[in-house]
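Notes for the one structure printed next.
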Amino acid sequence: MISPHAIIEDGAVIGKDVSIGHFSIIGKDVKIGDGTRVGSHVTLTGHTSIGKNNQIFQYASVGEVPQSTGYKNEPTELRIGDNNIIREFCTLHTGTVEGGGITRIGNDNFLMAYVHIAHDCILGNKIIFANGSSLAGHVVVGDHVIFGGFTLIHQFCKIGAHVMTGIGAVSFKDIPPYLKVAGNTARPYGINVKGLQRRGFNEEEISALKDAYRALYRSQLSFQDAIVEINKLAADDTNVKVFADFLANSERGVVR
């Protein structure tokens with residue numbers, strides 16, 4: 001299951017039932033969990049740990065040093081969870097000391113071809129990145145997010161859970177949870193109703209989120225006055241509370 005043409009440096013830790021394709025290179029500080037499949041011509045390097053049952057397709061570059069002018073060859077890390085799919089030509093980088101030293105990718109994520117995850121990003125679970133989507137450094141992404149093809153997210157932005165972006169969306173600000181956004185620069189286009197329905201949200205829960213959305217984006221209220229109204233709604237709904245907390249904690253400001 002490990003090609004004789006693969007290069008595995010001394011020190012690499014390979015779990016049970018791992019397959020590694022022709023001409024792949026596994027660095028000395030790489031750990032690969034049980035059941036993971038590594039295709040041909042893959043480079044796994046750096047202080048990189050990969051969980052169980054991941055699929056890494058040909059020509060992916062995983063664990064390379066960050067594209068940061070301040071990086072000074074410190075032993076920063078990339079940590080990848082379980083059951084992720086990483087397709088052709090994806091690039092995933094380790095962290096920087098300034099950003100905490102670790103890039104983290106959760107479980108059950110699907111990274112299509114040419115996706116880029118920069119240094120110090122933190123990804124949740126069950127995220128889909130369509131082809132060519134890219135995250136700059138220090139971006140935080142919640143669970144169940146779907147990025148349309150060629151979506152670009154500026155450094156230090158936060159993307160709330162259940163967000164969906166349109167193809168070619170570009171965001172320089174935080175995107176609150178449950179939203180659909182599109183455009184360059186990204187603008188809100190309502191609650192991600194279909195996505196929420198697929199994940200078991202009932203009509204009452206979705207209706208409450210629509211009320212919160214209208215308060216922020218359709219009421220002509222100032223941002224602070226909208227927060228007051230949303231906090232009132234949040235008293236009776238946990239999902240709206242998540243929405244309200246995201247707004248309260250946003251440092252870059254949110255898409256408007």
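Residue numbers start at 1 in each chain; chains themselves are named A, B, ... in the order of the structure tokens; ligands are numbered from 1 in the order shown.
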What are the closest atom pairs, with distances in Å to one decimal, for each residue of region 64-168 of chain A lying within 12 Å of region 33-54 of chain A, using only C-alpha atoms, rows by chain and rising residue number, as a tab-separated table?
```
residue	atom	partner	partner_atom	distance
A:Glu64	CA	A:Thr45	CA	5.9
A:Val65	CA	A:Gly46	CA	7.0
A:Pro66	CA	A:Gly46	CA	10.3
A:Asn73	CA	A:Gly46	CA	10.2
A:Glu74	CA	A:His47	CA	10.2
A:Pro75	CA	A:His47	CA	6.7
A:Thr76	CA	A:His47	CA	6.5
A:Glu77	CA	A:His47	CA	4.9
A:Leu78	CA	A:Thr48	CA	4.7
A:Arg79	CA	A:Ser49	CA	5.0
A:Ile80	CA	A:Ile50	CA	4.8
A:Gly81	CA	A:Gly51	CA	4.7
A:Asp82	CA	A:Gly51	CA	4.7
A:Asn83	CA	A:Asn54	CA	4.6
A:Asn84	CA	A:Asn54	CA	4.8
A:Ile85	CA	A:Asn54	CA	6.0
A:Ile86	CA	A:Asn54	CA	7.9
A:Arg87	CA	A:Gly39	CA	9.6
A:Glu88	CA	A:Val42	CA	9.0
A:Phe89	CA	A:Val42	CA	8.8
A:Cys90	CA	A:Val42	CA	9.9
A:Thr91	CA	A:Thr43	CA	9.8
A:Leu92	CA	A:Leu44	CA	9.7
A:His93	CA	A:Gly46	CA	8.8
A:Thr94	CA	A:Gly46	CA	7.3
A:Gly95	CA	A:His47	CA	9.9
A:Gly101	CA	A:His47	CA	10.5
A:Ile102	CA	A:His47	CA	9.5
A:Thr103	CA	A:Thr48	CA	9.5
A:Arg104	CA	A:Ser49	CA	9.9
A:Ile105	CA	A:Ile50	CA	9.4
A:Gly106	CA	A:Gly51	CA	9.5
A:Asn107	CA	A:Gly51	CA	8.7
A:Asp108	CA	A:Asn54	CA	8.6
A:Asn109	CA	A:Asn54	CA	9.6
A:Phe110	CA	A:Asn54	CA	10.1
A:Leu111	CA	A:Asn54	CA	11.4
```
Using only C-alpha atoms, which residues sit within 10 Å of Ile20 (chain A) once same-chain residues fewer than 2 positions away are excluded, as a list in words?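 Once the nearby chain positions are removed, what remains is Met1, Ile2, Ser3, Pro4, His5, Ala6, Ile7, Ile8, Ile14, Asp17, Val18, His22, Phe23, Ser24, Ile25, Ile26, Thr36, Arg37, Val38, Gly39, Ser40, His41, Val42 and Ile56 of chain A.
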Residues within 12 Å of region 218-225 of chain A, only C-alpha atoms, excluding chain neighbours under 4 positions, as a ChimeraX atom specification: /A:188-190,210-214,229-232,244,247-248,253-256
Those residues you just picked out, can you put them in a file as a short mmCIF file (atom, residue, chain, number, x, y, z; two decimals), in the first residue's frame with N, CA, C and O atoms?
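Now in result-v3.cif:
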```cif
data_model
loop_
_atom_site.label_atom_id
_atom_site.label_comp_id
_atom_site.auth_asym_id
_atom_site.auth_seq_id
_atom_site.Cartn_x
_atom_site.Cartn_y
_atom_site.Cartn_z
N PRO A 188 -24.80 40.82 1.54
CA PRO A 188 -25.74 39.79 2.01
C PRO A 188 -26.94 39.65 1.09
O PRO A 188 -27.45 40.64 0.56
N TYR A 189 -27.40 38.40 0.95
CA TYR A 189 -28.57 38.11 0.13
C TYR A 189 -29.54 37.18 0.87
O TYR A 189 -30.08 36.25 0.30
N GLY A 190 -29.73 37.46 2.14
CA GLY A 190 -30.71 36.71 2.91
C GLY A 190 -30.13 35.56 3.70
O GLY A 190 -28.92 35.31 3.71
N LYS A 210 -34.72 34.92 10.17
CA LYS A 210 -35.14 35.94 9.19
C LYS A 210 -35.48 37.25 9.88
O LYS A 210 -35.16 38.33 9.38
N ASP A 211 -36.10 37.18 11.05
CA ASP A 211 -36.41 38.39 11.80
C ASP A 211 -35.13 39.12 12.21
O ASP A 211 -35.04 40.36 12.12
N ALA A 212 -34.13 38.35 12.65
CA ALA A 212 -32.86 38.94 13.03
C ALA A 212 -32.17 39.57 11.82
O ALA A 212 -31.60 40.67 11.90
N TYR A 213 -32.24 38.88 10.69
CA TYR A 213 -31.65 39.41 9.45
C TYR A 213 -32.32 40.72 9.06
O TYR A 213 -31.63 41.70 8.71
N ARG A 214 -33.63 40.77 9.11
CA ARG A 214 -34.34 42.00 8.75
C ARG A 214 -33.96 43.16 9.66
O ARG A 214 -33.84 44.30 9.22
N GLU A 229 -32.19 45.30 18.98
CA GLU A 229 -33.37 44.53 18.56
C GLU A 229 -33.06 43.04 18.44
O GLU A 229 -33.88 42.20 18.83
N ILE A 230 -31.90 42.72 17.91
CA ILE A 230 -31.52 41.31 17.75
C ILE A 230 -31.32 40.66 19.11
O ILE A 230 -31.69 39.50 19.32
N ASN A 231 -30.78 41.38 20.06
CA ASN A 231 -30.62 40.82 21.41
C ASN A 231 -31.96 40.52 22.06
O ASN A 231 -32.09 39.55 22.82
N LYS A 232 -32.97 41.30 21.74
CA LYS A 232 -34.31 41.00 22.25
C LYS A 232 -34.82 39.68 21.67
O LYS A 232 -35.39 38.85 22.38
N ALA A 244 -26.36 36.98 17.31
CA ALA A 244 -26.10 38.19 18.08
C ALA A 244 -24.69 38.20 18.66
O ALA A 244 -23.99 39.22 18.63
N LEU A 247 -22.09 39.08 16.00
CA LEU A 247 -22.06 40.52 15.73
C LEU A 247 -21.33 41.27 16.83
O LEU A 247 -20.54 42.18 16.57
N ALA A 248 -21.59 40.89 18.07
CA ALA A 248 -20.98 41.58 19.21
C ALA A 248 -19.47 41.40 19.25
O ALA A 248 -18.74 42.28 19.72
N GLY A 253 -15.78 44.22 11.55
CA GLY A 253 -17.05 44.66 11.03
C GLY A 253 -17.63 43.59 10.13
O GLY A 253 -16.90 42.70 9.64
N VAL A 254 -18.94 43.65 9.89
CA VAL A 254 -19.60 42.59 9.12
C VAL A 254 -20.02 43.12 7.76
O VAL A 254 -20.17 44.32 7.55
N VAL A 255 -20.22 42.19 6.82
CA VAL A 255 -20.69 42.57 5.49
C VAL A 255 -22.03 43.27 5.63
O VAL A 255 -22.87 42.90 6.43
N ARG A 256 -22.25 44.31 4.81
CA ARG A 256 -23.48 45.10 4.90
C ARG A 256 -24.02 45.34 3.49
O ARG A 256 -23.26 45.39 2.53
#
```
Could you pull out the alpha helix (DSSP H) residues of region 39-253 of chain A, going by DSSP on the backbone, and write them as a VMD selection string? chain A and resid 193 to 198 203 to 217 223 to 234 238 to 249
Hey, what's within 6 Å of Ile146 (chain A) if we count only C-alpha atoms and toss same-chain stuff fewer than 2 positions away? As a list in words, please?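 Counting only C-alpha atoms, the residues come to Ile127, Ile128 and Met164 of chain A.
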Dump as a compact mmCIF listing (two decimals), in the first residue's frame, selection limited to C-alpha atoms:
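Result file is selection27.txt:
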```txt
# COMPACT_ATOMS: atom_id res chain seq x y z
CA ILE A 127 -17.04 22.73 5.23
CA ILE A 128 -17.06 22.63 1.42
CA MET A 164 -22.91 30.10 1.75
```
When you draw a straight line from CA of Phe201 (chain A) to CA of His162 (chain A), how long is it in Å?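 It comes out at 11.1 Å.
Between CA of Lys241 (chain A) and CA of Leu196 (chain A) the separation is 16.1 Å.
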Would you please work out which residue, of A:Tyr59, A:His144, A:Val181, A:Val13, is nearest to Arg198 (chain A) when using only C-alpha atoms?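 Closest candidate: A:His144.
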All strand (DSSP E) positions in region 43-101 of chain A, as number ranges by chain: A: 43-44, 47-50, 55-56, 61-64, 77-80, 85-86, 91-93
What would the file look like if the residues just selected were written as a CSV table (one decimal), in the first residue's frame with N, CA and C atoms?
```csv
chain,number,residue,atom,x,y,z
A,43,THR,N,3.2,16.2,-1.7
A,43,THR,CA,4.2,16.6,-0.7
A,43,THR,C,3.6,16.9,0.6
A,44,LEU,N,4.0,16.1,1.6
A,44,LEU,CA,3.6,16.3,3.0
A,44,LEU,C,4.9,16.7,3.8
A,47,HIS,N,5.8,20.3,10.3
A,47,HIS,CA,5.3,19.7,11.5
A,47,HIS,C,3.8,19.5,11.3
A,48,THR,N,3.5,18.5,10.6
A,48,THR,CA,2.1,18.2,10.1
A,48,THR,C,1.6,16.9,10.7
A,49,SER,N,0.4,17.0,11.3
A,49,SER,CA,-0.3,15.8,11.8
A,49,SER,C,-1.6,15.7,11.0
A,50,ILE,N,-1.9,14.5,10.5
A,50,ILE,CA,-3.1,14.2,9.7
A,50,ILE,C,-3.8,13.1,10.4
A,55,GLN,N,-8.4,11.6,2.6
A,55,GLN,CA,-8.0,11.3,1.2
A,55,GLN,C,-7.2,12.6,0.7
A,56,ILE,N,-6.0,12.4,0.3
A,56,ILE,CA,-5.2,13.5,-0.2
A,56,ILE,C,-4.8,13.1,-1.7
A,61,SER,N,0.0,20.0,-1.9
A,61,SER,CA,1.1,20.4,-1.1
A,61,SER,C,0.6,20.7,0.3
A,62,VAL,N,1.0,19.9,1.3
A,62,VAL,CA,0.4,20.0,2.6
A,62,VAL,C,1.5,20.2,3.7
A,63,GLY,N,1.4,21.3,4.4
A,63,GLY,CA,2.4,21.5,5.5
A,63,GLY,C,3.6,22.3,5.1
A,64,GLU,N,3.5,23.0,4.0
A,64,GLU,CA,4.6,23.9,3.6
A,64,GLU,C,4.7,25.1,4.5
A,77,GLU,N,3.0,24.5,13.1
A,77,GLU,CA,2.3,23.3,12.8
A,77,GLU,C,1.1,23.5,11.9
A,78,LEU,N,0.8,22.3,11.3
A,78,LEU,CA,-0.5,22.1,10.6
A,78,LEU,C,-1.2,20.9,11.2
A,79,ARG,N,-2.4,21.0,11.7
A,79,ARG,CA,-3.1,19.9,12.3
A,79,ARG,C,-4.4,19.7,11.5
A,80,ILE,N,-4.6,18.5,11.0
A,80,ILE,CA,-5.7,18.1,10.2
A,80,ILE,C,-6.4,17.0,10.9
A,85,ILE,N,-11.3,15.4,2.6
A,85,ILE,CA,-11.0,15.2,1.3
A,85,ILE,C,-10.2,16.4,0.8
A,86,ILE,N,-9.0,16.2,0.3
A,86,ILE,CA,-8.1,17.3,-0.2
A,86,ILE,C,-7.8,16.9,-1.6
A,91,THR,N,-3.1,23.7,-1.5
A,91,THR,CA,-2.0,24.2,-0.7
A,91,THR,C,-2.4,24.5,0.7
A,92,LEU,N,-1.8,23.8,1.7
A,92,LEU,CA,-2.2,24.1,3.1
A,92,LEU,C,-0.9,24.3,3.9
A,93,HIS,N,-0.9,25.5,4.5
A,93,HIS,CA,0.4,25.9,5.2
A,93,HIS,C,0.3,25.8,6.7
```
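Counting only C-alpha atoms and comparing A:Glu203, A:Leu216, A:Gly70, A:Phe147, the residue that lies closest to Lys180 (chain A) is A:Phe147.
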CA of Asn125 (chain A) sits from CA of Asp245 (chain A) at a separation of 19.9 Å
